[in-house]
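Q: Sharing target.cif here; it has mmCIF, C-alpha atoms.
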data_protein
loop_
_atom_site.label_atom_id
_atom_site.label_comp_id
_atom_site.auth_asym_id
_atom_site.auth_seq_id
_atom_site.Cartn_x
_atom_site.Cartn_y
_atom_site.Cartn_z
CA MET A 59 34.45 245.23 -54.26
CA SER A 60 34.77 248.58 -55.95
CA THR A 61 37.13 247.22 -58.63
CA GLU A 62 34.66 244.50 -59.52
CA LYS A 63 31.91 247.01 -59.87
CA SER A 64 33.90 249.10 -62.29
CA GLU A 65 34.66 246.00 -64.40
CA VAL A 66 31.00 245.21 -64.64
CA GLY A 67 30.14 248.79 -65.43
CA GLU A 68 32.39 249.04 -68.44
CA GLY A 69 31.45 245.63 -69.85
CA GLU A 70 27.70 245.79 -69.68
CA GLU A 71 24.85 248.15 -69.10
CA ARG A 72 23.81 246.12 -66.05
CA ALA A 73 23.60 248.35 -62.96
CA GLY A 74 25.12 246.69 -59.93
CA ASP A 75 22.78 246.83 -57.00
CA VAL A 76 24.58 247.06 -53.65
CA ILE A 77 21.79 245.37 -51.71
CA VAL A 78 21.53 242.42 -54.11
CA GLU A 79 25.29 241.92 -54.32
CA THR A 80 25.87 242.15 -50.58
CA MET A 81 22.97 239.87 -49.70
CA SER A 82 23.93 237.22 -52.23
CA ARG A 83 27.54 237.41 -51.10
CA LEU A 84 26.32 236.78 -47.55
CA MET A 85 23.89 234.03 -48.53
CA VAL A 86 26.13 231.92 -50.79
CA PRO A 87 28.29 230.31 -48.06
CA PHE A 88 25.21 229.37 -46.06
CA ILE A 89 23.51 227.88 -49.13
CA GLN A 90 26.61 225.81 -49.81
CA LEU A 91 26.81 224.69 -46.18
CA PHE A 92 23.17 223.68 -46.33
CA ALA A 93 23.84 221.74 -49.55
CA LEU A 94 26.67 219.81 -47.88
CA TYR A 95 24.37 219.14 -44.93
CA VAL A 96 21.68 217.78 -47.24
CA ILE A 97 24.18 215.47 -48.98
CA ILE A 98 25.68 214.12 -45.75
CA HIS A 99 22.30 213.90 -44.05
CA GLY A 100 20.86 211.77 -46.86
CA ALA A 101 21.33 208.57 -44.89
CA GLY A 102 19.65 209.75 -41.71
CA GLY A 103 16.73 211.78 -42.93
CA PRO A 104 15.30 213.51 -45.96
CA GLY A 105 17.99 214.47 -48.42
CA GLY A 106 20.51 212.87 -50.70
CA GLY A 107 22.95 213.45 -53.49
CA PHE A 108 20.53 214.72 -56.13
CA GLN A 109 18.88 217.30 -53.88
CA GLY A 110 22.11 218.50 -52.32
CA GLY A 111 23.83 218.79 -55.69
CA VAL A 112 21.01 220.92 -57.04
CA ILE A 113 21.19 223.24 -54.02
CA PHE A 114 24.96 223.56 -54.44
CA GLY A 115 24.50 224.38 -58.13
CA ALA A 116 21.82 226.92 -57.22
CA SER A 117 24.37 228.85 -55.15
CA PHE A 118 26.51 229.39 -58.27
CA VAL A 119 23.41 230.39 -60.23
CA LEU A 120 22.72 233.01 -57.55
CA LEU A 121 26.29 234.30 -57.96
CA VAL A 122 25.79 234.69 -61.71
CA ILE A 123 22.45 236.45 -61.27
CA ALA A 124 23.85 238.90 -58.74
CA PHE A 125 27.27 239.69 -60.25
CA GLY A 126 26.74 239.10 -63.96
CA ILE A 127 28.03 236.34 -66.17
CA VAL A 128 31.38 237.95 -67.00
CA ASN A 129 32.31 238.80 -63.46
CA ALA A 130 31.24 235.47 -62.00
CA GLY A 131 32.63 233.52 -64.93
CA ASP A 132 36.11 234.97 -64.43
CA ARG A 133 36.24 233.60 -60.91
CA PHE A 134 34.74 230.26 -61.82
CA PRO A 135 37.16 227.59 -63.12
CA GLU A 136 35.24 226.10 -66.02
CA GLY A 137 37.82 223.41 -66.76
CA ALA A 138 37.77 222.14 -63.20
CA ASN A 139 33.97 222.11 -63.33
CA THR A 140 34.05 219.91 -66.42
CA ALA A 141 36.43 217.57 -64.62
CA PHE A 142 34.08 217.47 -61.60
CA MET A 143 31.26 216.33 -63.89
CA SER A 144 33.01 213.07 -64.63
CA LEU A 145 34.65 212.82 -61.20
CA GLY A 146 31.30 212.14 -59.55
CA VAL A 147 30.47 209.26 -61.87
CA TYR A 148 34.01 207.95 -61.37
CA ILE A 149 33.53 208.01 -57.58
CA TYR A 150 30.27 206.10 -57.89
CA ALA A 151 31.61 203.44 -60.23
CA GLY A 152 34.91 203.33 -58.31
CA VAL A 153 33.14 202.54 -55.05
CA GLY A 154 31.35 199.75 -56.87
CA LEU A 155 34.59 198.43 -58.28
CA LEU A 156 36.28 198.71 -54.87
CA CYS A 157 33.79 196.17 -53.52
CA ILE A 158 34.96 193.62 -56.10
CA ILE A 159 38.65 194.39 -55.58
CA LEU A 160 38.66 194.39 -51.78
CA SER A 161 36.66 191.16 -51.51
CA LEU A 162 38.96 189.50 -54.07
CA GLY A 163 36.15 188.94 -56.50
CA ALA A 164 33.67 187.40 -54.08
CA ALA A 165 31.15 190.24 -53.95
CA GLN A 166 29.07 191.80 -56.67
CA PHE A 167 29.51 195.25 -58.13
CA LEU A 168 28.12 197.87 -55.69
CA ASN A 169 27.80 195.46 -52.74
CA TYR A 170 29.07 198.00 -50.24
CA GLY A 171 29.29 195.61 -47.29
CA PHE A 172 32.64 194.30 -48.47
CA ILE A 173 34.49 197.62 -48.23
CA PRO A 174 36.36 197.19 -44.91
CA LEU A 175 35.70 200.64 -43.46
CA THR A 176 34.47 199.16 -40.17
CA THR A 177 34.26 195.61 -38.89
CA HIS A 178 30.48 195.60 -39.16
CA PHE A 179 28.94 194.48 -42.44
CA GLU A 180 25.80 196.59 -42.17
CA GLU A 181 27.66 199.76 -41.21
CA ASN A 182 29.94 199.26 -44.19
CA ARG A 183 26.84 199.38 -46.33
CA ALA A 184 25.73 202.64 -44.71
CA LEU A 185 29.15 204.26 -45.24
CA GLY A 186 29.34 203.02 -48.82
CA MET A 187 25.99 204.66 -49.45
CA ASP A 188 27.38 207.96 -48.12
CA LEU A 189 30.36 207.79 -50.50
CA VAL A 190 28.02 207.12 -53.40
CA GLU A 191 25.81 210.07 -52.43
CA ILE A 192 28.87 212.34 -52.44
CA GLY A 193 29.65 211.20 -55.98
CA ILE A 194 26.08 211.89 -57.11
CA GLY A 195 26.21 215.33 -55.46
CA ILE A 196 29.45 216.31 -57.24
CA THR A 197 28.10 215.29 -60.65
CA VAL A 198 24.75 217.02 -60.23
CA MET A 199 26.37 220.21 -58.93
CA ALA A 200 28.83 220.38 -61.84
CA VAL A 201 26.19 219.61 -64.48
CA ILE A 202 23.70 222.18 -63.20
CA THR A 203 26.37 224.86 -63.03
CA SER A 204 27.80 223.97 -66.43
CA ILE A 205 24.40 224.03 -68.13
CA PHE A 206 23.56 227.40 -66.62
CA PHE A 207 26.93 228.92 -67.52
CA ASN A 208 26.77 227.71 -71.11
CA LEU A 209 23.19 228.84 -71.62
CA ALA A 210 23.91 232.26 -70.14
CA TRP A 211 27.15 232.74 -72.07
CA LYS A 212 25.54 232.13 -75.45
CA ARG A 213 23.39 235.23 -75.19
CA GLU A 214 26.27 237.52 -74.40
CA PRO A 215 27.43 238.65 -77.91
CA GLU A 216 23.85 239.27 -79.11
CA GLU A 217 22.86 241.52 -76.23
CA GLY A 218 26.17 243.24 -75.53
CA GLY A 219 26.70 243.98 -79.21
CA GLY A 220 30.12 242.57 -80.02
CA GLU A 221 33.01 240.85 -78.30
CA LYS A 222 34.38 241.95 -74.97
CA GLU A 223 38.09 241.67 -75.57
CA MET B 77 -4.27 216.47 -93.98
CA LYS B 78 -7.69 215.27 -92.98
CA LEU B 79 -6.37 211.70 -92.90
CA ILE B 80 -3.59 212.70 -90.51
CA SER B 81 -5.96 214.41 -88.07
CA LEU B 82 -8.38 211.50 -88.25
CA SER B 83 -5.64 208.99 -87.53
CA ALA B 84 -4.33 211.20 -84.71
CA LEU B 85 -7.82 211.26 -83.19
CA PHE B 86 -8.00 207.50 -83.54
CA PHE B 87 -4.67 207.05 -81.76
CA VAL B 88 -5.67 209.39 -78.93
CA ILE B 89 -8.88 207.41 -78.39
CA PHE B 90 -7.00 204.13 -78.70
CA LEU B 91 -4.36 205.13 -76.15
CA GLY B 92 -7.06 206.41 -73.80
CA ALA B 93 -8.90 203.10 -74.01
CA LEU B 94 -5.63 201.23 -73.45
CA PHE B 95 -4.87 203.34 -70.41
CA ILE B 96 -8.32 202.73 -68.95
CA TYR B 97 -7.87 199.01 -69.56
CA VAL B 98 -4.48 199.00 -67.79
CA ALA B 99 -5.66 201.28 -65.00
CA GLU B 100 -8.18 198.66 -63.91
CA ASP B 101 -5.28 196.75 -62.40
CA ILE B 102 -3.64 199.67 -60.61
CA PRO B 103 -4.27 199.18 -56.88
CA ASP B 104 -5.64 201.80 -54.54
CA PHE B 105 -2.91 203.93 -53.10
CA GLY B 106 -1.40 202.40 -49.99
CA ASP B 107 -3.51 199.26 -50.05
CA PRO B 108 -1.24 196.69 -48.36
CA TYR B 109 -3.19 193.68 -49.62
CA SER B 110 -3.07 194.51 -53.32
CA ALA B 111 -0.74 192.51 -55.47
CA PRO B 112 2.15 194.91 -56.14
CA ASN B 113 2.22 196.16 -52.56
CA GLY B 114 1.80 192.92 -50.64
CA TYR B 115 1.01 189.54 -52.06
CA ILE B 116 0.94 187.89 -55.46
CA ASN B 117 -1.66 185.18 -55.92
CA LEU B 118 -0.16 181.88 -57.05
CA SER B 119 -3.65 180.52 -57.88
CA ILE B 120 -3.20 177.41 -55.78
CA SER B 121 -6.19 176.47 -53.64
CA LEU B 122 -6.04 173.63 -51.13
CA ASP B 123 -8.61 172.05 -48.87
CA ALA B 124 -8.69 173.86 -45.58
CA ALA B 125 -10.20 171.15 -43.39
CA GLU B 126 -7.39 168.60 -43.73
CA LEU B 127 -4.43 170.95 -43.67
CA GLU B 128 -5.36 173.52 -41.06
CA ASP B 129 -4.14 171.50 -38.07
CA ASN B 130 -0.84 170.69 -39.78
CA LEU B 131 -0.30 174.34 -40.61
CA ASN B 132 -0.99 175.38 -37.04
CA LYS B 133 1.58 172.85 -35.81
CA GLY B 134 4.16 174.23 -38.24
CA VAL B 135 4.35 171.24 -40.58
CA VAL B 136 4.57 171.92 -44.31
CA PRO B 137 1.88 169.86 -46.11
CA GLU B 138 3.08 167.60 -48.92
CA VAL B 139 0.35 168.90 -51.23
CA LEU B 140 1.67 172.44 -51.00
CA THR B 141 5.24 171.38 -51.81
CA SER B 142 4.21 169.36 -54.84
CA GLU B 143 1.92 172.12 -56.12
CA LEU B 144 4.71 174.69 -55.80
CA LYS B 145 7.11 172.36 -57.60
CA ALA B 146 4.57 171.93 -60.39
CA ILE B 147 4.45 175.72 -60.90
CA GLY B 148 8.24 175.76 -61.28
CA PHE B 149 9.83 176.96 -58.05
CA ARG B 150 13.38 175.75 -57.44
CA ASP B 151 14.25 173.31 -54.68
CA ASP B 152 15.69 175.97 -52.42
CA GLU B 153 12.49 177.98 -52.76
CA LEU B 154 10.27 175.30 -51.24
CA PRO B 155 8.98 176.05 -47.75
CA LEU B 156 10.87 174.62 -44.78
CA ARG B 157 8.43 175.53 -42.05
CA VAL B 158 5.17 177.32 -41.47
CA GLU B 159 4.40 179.92 -38.85
CA PRO B 160 0.89 181.05 -37.94
CA ILE B 161 0.46 184.83 -37.96
CA LYS B 162 -3.11 185.01 -36.72
CA GLU B 163 -6.37 183.10 -37.09
CA GLY B 164 -6.58 181.79 -40.64
CA GLU B 165 -3.27 183.28 -41.88
CA TRP B 166 0.13 181.61 -42.08
CA GLU B 167 3.50 182.43 -43.57
CA ALA B 168 5.93 179.87 -44.97
CA ILE B 169 9.66 180.36 -44.59
CA ILE B 170 12.48 179.43 -46.96
CA ILE B 171 16.29 179.66 -46.90
CA PRO B 172 17.38 180.59 -50.40
CA ASP B 173 20.61 179.03 -51.63
CA GLU B 174 22.61 182.19 -52.31
CA LYS B 175 26.00 181.08 -51.00
CA GLU B 176 27.59 181.29 -54.44
CA GLN B 177 26.69 184.94 -54.67
CA ASP B 178 27.91 185.61 -51.13
CA PHE B 179 24.76 187.51 -50.36
CA TYR B 180 22.37 186.99 -47.47
CA PRO B 181 21.86 183.24 -46.97
CA LYS B 182 19.28 183.52 -44.23
CA GLU B 183 15.70 182.66 -43.48
CA GLN B 184 13.13 184.81 -45.11
CA LYS B 185 9.39 184.65 -45.32
CA TYR B 186 8.27 183.86 -48.81
CA TYR B 187 4.76 182.39 -49.01
CA PHE B 188 1.58 183.64 -47.46
CA ILE B 189 -1.34 181.26 -46.92
CA LYS B 190 -4.80 182.60 -46.21
CA LYS B 191 -7.97 180.77 -45.36
CA ASP B 192 -10.87 181.71 -47.60
CA GLY B 193 -14.02 179.77 -46.69
CA ALA B 194 -13.27 176.08 -47.05
CA LYS B 195 -10.21 176.70 -49.22
CA LEU B 196 -6.67 177.85 -48.55
CA ASP B 197 -5.25 180.41 -50.98
CA VAL B 198 -1.48 180.52 -51.45
CA TYR B 199 0.26 183.82 -52.14
CA ARG B 200 3.87 184.89 -52.58
CA TYR B 201 5.13 187.96 -50.74
CA ALA B 202 6.06 190.87 -53.00
CA LEU B 203 9.69 191.97 -53.05
CA ILE B 204 8.82 195.34 -51.53
CA LYS B 205 7.94 193.57 -48.26
CA ARG B 206 11.57 192.69 -47.74
CA TYR B 207 12.74 196.23 -48.52
CA VAL B 208 10.27 197.71 -46.06
CA GLU B 209 10.69 195.25 -43.22
CA GLU B 210 14.33 194.12 -43.41
CA GLY B 211 16.09 197.12 -44.95
CA HIS B 212 16.84 198.94 -41.71
CA TYR B 213 18.49 195.86 -40.19
CA GLU B 214 20.42 195.01 -43.33
CA THR B 215 21.84 198.46 -44.01
CA GLU B 216 21.80 200.38 -40.69
CA VAL B 217 20.25 203.33 -42.51
CA PRO B 218 16.92 204.59 -41.11
CA ASN B 219 15.85 206.40 -44.30
CA MET B 220 13.92 204.01 -46.51
CA VAL B 221 14.20 206.14 -49.64
CA THR B 222 17.98 206.33 -49.39
CA TYR B 223 18.66 202.67 -48.80
CA ILE B 224 16.40 201.60 -51.63
CA LEU B 225 17.83 204.22 -53.99
CA ALA B 226 21.52 203.81 -53.21
CA ASP B 227 21.82 200.20 -52.08
CA TYR B 228 19.16 197.84 -53.36
CA ARG B 229 18.74 199.83 -56.55
CA GLY B 230 22.36 200.88 -56.89
CA TYR B 231 22.67 200.02 -60.56
CA ASP B 232 19.59 202.10 -61.30
CA THR B 233 21.05 205.15 -59.58
CA LEU B 234 24.38 204.71 -61.35
CA GLY B 235 22.43 204.84 -64.59
CA GLU B 236 20.58 207.98 -63.50
CA THR B 237 23.84 209.70 -62.65
CA THR B 238 25.20 208.73 -66.06
CA VAL B 239 22.11 210.21 -67.71
CA ILE B 240 22.69 213.53 -65.95
CA PHE B 241 26.38 213.43 -66.91
CA THR B 242 25.42 212.78 -70.53
CA ALA B 243 23.04 215.74 -70.46
CA GLY B 244 25.87 217.95 -69.23
CA VAL B 245 28.25 216.72 -71.92
CA ALA B 246 25.60 217.27 -74.61
CA VAL B 247 25.01 220.86 -73.49
CA ILE B 248 28.77 221.51 -73.49
CA LEU B 249 29.13 220.10 -77.00
CA LEU B 250 26.18 222.05 -78.42
CA LEU B 251 26.34 225.37 -76.61
CA ARG B 252 29.89 226.05 -75.45
CA ARG B 253 31.17 228.89 -77.63
CA ARG B 254 34.14 230.92 -76.56
CA GLU B 255 35.55 234.08 -78.08
CA LYS B 256 38.86 232.40 -78.87
CA ARG B 257 37.24 230.38 -81.63
CA PRO B 258 36.93 232.22 -84.96
CA GLU B 259 33.43 232.11 -86.39
#
Could you render the structure as structure tokens?

A:
Amino acid sequence: MSTEKSEVGEGEERAGDVIVETMSRLMVPFIQLFALYVIIHGAGGPGGGFQGGVIFGASFVLLVIAFGIVNAGDRFPEGANTAFMSLGVYIYAGVGLLCIILSLGAAQFLNYGFIPLTTHFEENRALGMDLVEIGIGITVMAVITSIFFNLAWKREPEEGGGEKE
Amino acid sequence: MKLISLSALFFVIFLGALFIYVAEDIPDFGDPYSAPNGYINLSISLDAAELEDNLNKGVVPEVLTSELKAIGFRDDELPLRVEPIKEGEWEAIIIPDEKEQDFYPKEQKYYFIKKDGAKLDVYRYALIKRYVEEGHYETEVPNMVTYILADYRGYDTLGETTVIFTAGVAVILLLRRREKRPE
């Protein structure tokens, strides 16, 4: 923790607050757990992929606010995040295509009942919906995080007065 | 300049009048008998006195079938039997021919007949009735919002996800600047 603080101190004029950093470090895992709960719970109650993805993205936004863009950005794999953006859409469309493939062309695109996860047609539909919600959640999380990182990074040279490295 | 502001004022008034004209047809919130929420009037009216006994017995009157055919319903959308709901209200049941699509070939209620004075009015049930009443049994998901969003309207949600993905790609293309790149 002390090494991180010194990095931040030399890069920016931002003063690291111990209370803010400790509390956000404590809160982030719980926020992410709650986001996963909201995504998985979408079938049974209020929730779903869009809401859960936004909550998951908000946890990364909290990290950036507490630790600064440079410090949080070093630990955040931006390339993997960009891949996640398309992975969610691929999961969604792939589940739809799986219905056609596994029913040998009998079912329509996105007719989840024909994915043989269980022997029960209606429960297949429920599980297919869960898979789709996970795809939505991944995409929304990656897009929210990516937008925030890019918007925050743009300001850096103007305020800091020059390049870091 | 004055012309522009005058025409802008005209368009604002015109759009307001158009909105008021359209808003006449918007139903009260939660009204189950208004057209988009419950029934769509097919503007067929039959004589109540002759047909009421037949309807109560469950027989589909010939007049109703021919009238529906004249409007343009397909053969598999004609009623097979009639069930009385309560005094003066009946529902007619069809079995749509959806075997080619491998979807749900099963009985579903389709027409709603209501006695109004000496006439019988024929309505068609709105699609939302099926979502609300049958969705839990068809999908095993208790949350109505989720099964409409992710199952019945799956294409729609795929499009929404693609819109969000496109927004992310656009922000990356426009705003991603890294220090490696010489400027």

Q: What's the separation between CA of Ala184 (chain A) and CA of Tyr148 (chain A), in Å to one decimal place?

A: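 These two atoms are separated by 19.3 Å.
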
Q: Using only C-alpha atoms, which chain A residues lie at most 9 Å away from chain B, written as a PyMOL selection string?

A: chain A and resi 100-106+108+140+143-144+146-147+150-151+164-171+179-184+186-188+190-191+193-194+197-198+200-202+204-205+207-209+211-212+221-223

Q: Go ahead and save the residues from that selection, with C-alpha atoms, as a short mmCIF file (atom, residue, chain, number, x, y, z; two decimals), keeping the file's coordinate frame.

A:
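After the write, again_4.cif holds the following:
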data_model
loop_
_atom_site.label_atom_id
_atom_site.label_comp_id
_atom_site.auth_asym_id
_atom_site.auth_seq_id
_atom_site.Cartn_x
_atom_site.Cartn_y
_atom_site.Cartn_z
CA GLY A 100 20.86 211.77 -46.86
CA ALA A 101 21.33 208.57 -44.89
CA GLY A 102 19.65 209.75 -41.71
CA GLY A 103 16.73 211.78 -42.93
CA PRO A 104 15.30 213.51 -45.96
CA GLY A 105 17.99 214.47 -48.42
CA GLY A 106 20.51 212.87 -50.70
CA PHE A 108 20.53 214.72 -56.13
CA THR A 140 34.05 219.91 -66.42
CA MET A 143 31.26 216.33 -63.89
CA SER A 144 33.01 213.07 -64.63
CA GLY A 146 31.30 212.14 -59.55
CA VAL A 147 30.47 209.26 -61.87
CA TYR A 150 30.27 206.10 -57.89
CA ALA A 151 31.61 203.44 -60.23
CA ALA A 164 33.67 187.40 -54.08
CA ALA A 165 31.15 190.24 -53.95
CA GLN A 166 29.07 191.80 -56.67
CA PHE A 167 29.51 195.25 -58.13
CA LEU A 168 28.12 197.87 -55.69
CA ASN A 169 27.80 195.46 -52.74
CA TYR A 170 29.07 198.00 -50.24
CA GLY A 171 29.29 195.61 -47.29
CA PHE A 179 28.94 194.48 -42.44
CA GLU A 180 25.80 196.59 -42.17
CA GLU A 181 27.66 199.76 -41.21
CA ASN A 182 29.94 199.26 -44.19
CA ARG A 183 26.84 199.38 -46.33
CA ALA A 184 25.73 202.64 -44.71
CA GLY A 186 29.34 203.02 -48.82
CA MET A 187 25.99 204.66 -49.45
CA ASP A 188 27.38 207.96 -48.12
CA VAL A 190 28.02 207.12 -53.40
CA GLU A 191 25.81 210.07 -52.43
CA GLY A 193 29.65 211.20 -55.98
CA ILE A 194 26.08 211.89 -57.11
CA THR A 197 28.10 215.29 -60.65
CA VAL A 198 24.75 217.02 -60.23
CA ALA A 200 28.83 220.38 -61.84
CA VAL A 201 26.19 219.61 -64.48
CA ILE A 202 23.70 222.18 -63.20
CA SER A 204 27.80 223.97 -66.43
CA ILE A 205 24.40 224.03 -68.13
CA PHE A 207 26.93 228.92 -67.52
CA ASN A 208 26.77 227.71 -71.11
CA LEU A 209 23.19 228.84 -71.62
CA TRP A 211 27.15 232.74 -72.07
CA LYS A 212 25.54 232.13 -75.45
CA GLU A 221 33.01 240.85 -78.30
CA LYS A 222 34.38 241.95 -74.97
CA GLU A 223 38.09 241.67 -75.57
#

Q: Report as a ChimeraX atom specification the residues that result from applying the PyMOL selection byres ((chain A and resi 124-137) around 8) to the structure here.

A: /A:62,65-66,72,74,78-79,82,120-123,138-141,204,207,210-211

Q: What box, with edges along x, y and z, holds each listed atom of region 81-92 of chain A when 5 Å is added on every side, and can you state its centre and edge lengths in Å to one decimal, as lines of an AutoDock Vina configuration file?

A:
center_x = 25.6
center_y = 231.8
center_z = -49.1
size_x = 15.3
size_y = 26.2
size_z = 16.2

Q: CA of Leu185 (chain A) and CA of Val208 (chain B) are how many Å apart?

A: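 For CA of Leu185 (chain A) relative to CA of Val208 (chain B), the distance reads 20.0 Å.
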
Q: Report as a VMD selection string all protein, DNA and RNA residues lying within 10 Å of region 87-93 of chain A, evaluated on only C-alpha atoms, omitting residues in the same chain fewer than 2 positions from it.

A: chain A and resid 82 to 85 95 to 99 105 to 107 109 to 118 120 195 199

Q: Please write the residues from the selection above to a file, keeping C-alpha atoms, as a tab-separated table (two decimals), in the frame of the given file.

A:
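Final output, out_8.tsv:
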chain	number	residue	atom	x	y	z
A	82	SER	CA	23.93	237.22	-52.23
A	83	ARG	CA	27.54	237.41	-51.10
A	84	LEU	CA	26.32	236.78	-47.55
A	85	MET	CA	23.89	234.03	-48.53
A	95	TYR	CA	24.37	219.14	-44.93
A	96	VAL	CA	21.68	217.78	-47.24
A	97	ILE	CA	24.18	215.47	-48.98
A	98	ILE	CA	25.68	214.12	-45.75
A	99	HIS	CA	22.30	213.90	-44.05
A	105	GLY	CA	17.99	214.47	-48.42
A	106	GLY	CA	20.51	212.87	-50.70
A	107	GLY	CA	22.95	213.45	-53.49
A	109	GLN	CA	18.88	217.30	-53.88
A	110	GLY	CA	22.11	218.50	-52.32
A	111	GLY	CA	23.83	218.79	-55.69
A	112	VAL	CA	21.01	220.92	-57.04
A	113	ILE	CA	21.19	223.24	-54.02
A	114	PHE	CA	24.96	223.56	-54.44
A	115	GLY	CA	24.50	224.38	-58.13
A	116	ALA	CA	21.82	226.92	-57.22
A	117	SER	CA	24.37	228.85	-55.15
A	118	PHE	CA	26.51	229.39	-58.27
A	120	LEU	CA	22.72	233.01	-57.55
A	195	GLY	CA	26.21	215.33	-55.46
A	199	MET	CA	26.37	220.21	-58.93

Q: So which residues touch Gln184 (chain B) within 10 Å, counting only C-alpha atoms, skipping near sequence neighbours fewer than 2 positions away, as a list of chain:residue names?

A: B:Ala168, B:Ile169, B:Ile170, B:Ile171, B:Pro172, B:Tyr180, B:Pro181, B:Lys182, B:Tyr186, B:Tyr187, B:Arg206, B:Glu210

Q: Would you mind exporting the chosen residues as a short mmCIF file (atom, residue, chain, number, x, y, z; two decimals), keeping the file's coordinate frame, restricted to C-alpha atoms?

A:
data_model
loop_
_atom_site.label_atom_id
_atom_site.label_comp_id
_atom_site.auth_asym_id
_atom_site.auth_seq_id
_atom_site.Cartn_x
_atom_site.Cartn_y
_atom_site.Cartn_z
CA ALA B 168 5.93 179.87 -44.97
CA ILE B 169 9.66 180.36 -44.59
CA ILE B 170 12.48 179.43 -46.96
CA ILE B 171 16.29 179.66 -46.90
CA PRO B 172 17.38 180.59 -50.40
CA TYR B 180 22.37 186.99 -47.47
CA PRO B 181 21.86 183.24 -46.97
CA LYS B 182 19.28 183.52 -44.23
CA TYR B 186 8.27 183.86 -48.81
CA TYR B 187 4.76 182.39 -49.01
CA ARG B 206 11.57 192.69 -47.74
CA GLU B 210 14.33 194.12 -43.41
#

Q: Quick one: residues within 12 Å of region 114-121 of chain B, all atoms listed in the file counted, chain neighbours fewer than 2 positions away excluded, as a PyMOL selection string?

A: chain B and resi 103+106-112+123-124+127+139-149+167+185-209

Q: Filtering to C-alpha atoms, could you give me those residues as a PDB file, keeping the file's coordinate frame?

A:
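Result saved to part-v8.pdb:
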ATOM      1  CA  PRO B 103      -4.270 199.180 -56.880  1.00  0.00           C
ATOM      2  CA  GLY B 106      -1.400 202.400 -49.990  1.00  0.00           C
ATOM      3  CA  ASP B 107      -3.510 199.260 -50.050  1.00  0.00           C
ATOM      4  CA  PRO B 108      -1.240 196.690 -48.360  1.00  0.00           C
ATOM      5  CA  TYR B 109      -3.190 193.680 -49.620  1.00  0.00           C
ATOM      6  CA  SER B 110      -3.070 194.510 -53.320  1.00  0.00           C
ATOM      7  CA  ALA B 111      -0.740 192.510 -55.470  1.00  0.00           C
ATOM      8  CA  PRO B 112       2.150 194.910 -56.140  1.00  0.00           C
ATOM      9  CA  ASP B 123      -8.610 172.050 -48.870  1.00  0.00           C
ATOM     10  CA  ALA B 124      -8.690 173.860 -45.580  1.00  0.00           C
ATOM     11  CA  LEU B 127      -4.430 170.950 -43.670  1.00  0.00           C
ATOM     12  CA  VAL B 139       0.350 168.900 -51.230  1.00  0.00           C
ATOM     13  CA  LEU B 140       1.670 172.440 -51.000  1.00  0.00           C
ATOM     14  CA  THR B 141       5.240 171.380 -51.810  1.00  0.00           C
ATOM     15  CA  SER B 142       4.210 169.360 -54.840  1.00  0.00           C
ATOM     16  CA  GLU B 143       1.920 172.120 -56.120  1.00  0.00           C
ATOM     17  CA  LEU B 144       4.710 174.690 -55.800  1.00  0.00           C
ATOM     18  CA  LYS B 145       7.110 172.360 -57.600  1.00  0.00           C
ATOM     19  CA  ALA B 146       4.570 171.930 -60.390  1.00  0.00           C
ATOM     20  CA  ILE B 147       4.450 175.720 -60.900  1.00  0.00           C
ATOM     21  CA  GLY B 148       8.240 175.760 -61.280  1.00  0.00           C
ATOM     22  CA  PHE B 149       9.830 176.960 -58.050  1.00  0.00           C
ATOM     23  CA  GLU B 167       3.500 182.430 -43.570  1.00  0.00           C
ATOM     24  CA  LYS B 185       9.390 184.650 -45.320  1.00  0.00           C
ATOM     25  CA  TYR B 186       8.270 183.860 -48.810  1.00  0.00           C
ATOM     26  CA  TYR B 187       4.760 182.390 -49.010  1.00  0.00           C
ATOM     27  CA  PHE B 188       1.580 183.640 -47.460  1.00  0.00           C
ATOM     28  CA  ILE B 189      -1.340 181.260 -46.920  1.00  0.00           C
ATOM     29  CA  LYS B 190      -4.800 182.600 -46.210  1.00  0.00           C
ATOM     30  CA  LYS B 191      -7.970 180.770 -45.360  1.00  0.00           C
ATOM     31  CA  ASP B 192     -10.870 181.710 -47.600  1.00  0.00           C
ATOM     32  CA  GLY B 193     -14.020 179.770 -46.690  1.00  0.00           C
ATOM     33  CA  ALA B 194     -13.270 176.080 -47.050  1.00  0.00           C
ATOM     34  CA  LYS B 195     -10.210 176.700 -49.220  1.00  0.00           C
ATOM     35  CA  LEU B 196      -6.670 177.850 -48.550  1.00  0.00           C
ATOM     36  CA  ASP B 197      -5.250 180.410 -50.980  1.00  0.00           C
ATOM     37  CA  VAL B 198      -1.480 180.520 -51.450  1.00  0.00           C
ATOM     38  CA  TYR B 199       0.260 183.820 -52.140  1.00  0.00           C
ATOM     39  CA  ARG B 200       3.870 184.890 -52.580  1.00  0.00           C
ATOM     40  CA  TYR B 201       5.130 187.960 -50.740  1.00  0.00           C
ATOM     41  CA  ALA B 202       6.060 190.870 -53.000  1.00  0.00           C
ATOM     42  CA  LEU B 203       9.690 191.970 -53.050  1.00  0.00           C
ATOM     43  CA  ILE B 204       8.820 195.340 -51.530  1.00  0.00           C
ATOM     44  CA  LYS B 205       7.940 193.570 -48.260  1.00  0.00           C
ATOM     45  CA  ARG B 206      11.570 192.690 -47.740  1.00  0.00           C
ATOM     46  CA  TYR B 207      12.740 196.230 -48.520  1.00  0.00           C
ATOM     47  CA  VAL B 208      10.270 197.710 -46.060  1.00  0.00           C
ATOM     48  CA  GLU B 209      10.690 195.250 -43.220  1.00  0.00           C
TER      49      GLU B 209
END

Q: Work out how far apart CA of Ile80 (chain B) and CA of Ile96 (chain B) are and give it in Å to one decimal.

A: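 About the pair CA of Ile80 (chain B) and CA of Ile96 (chain B): they are 24.2 Å apart.
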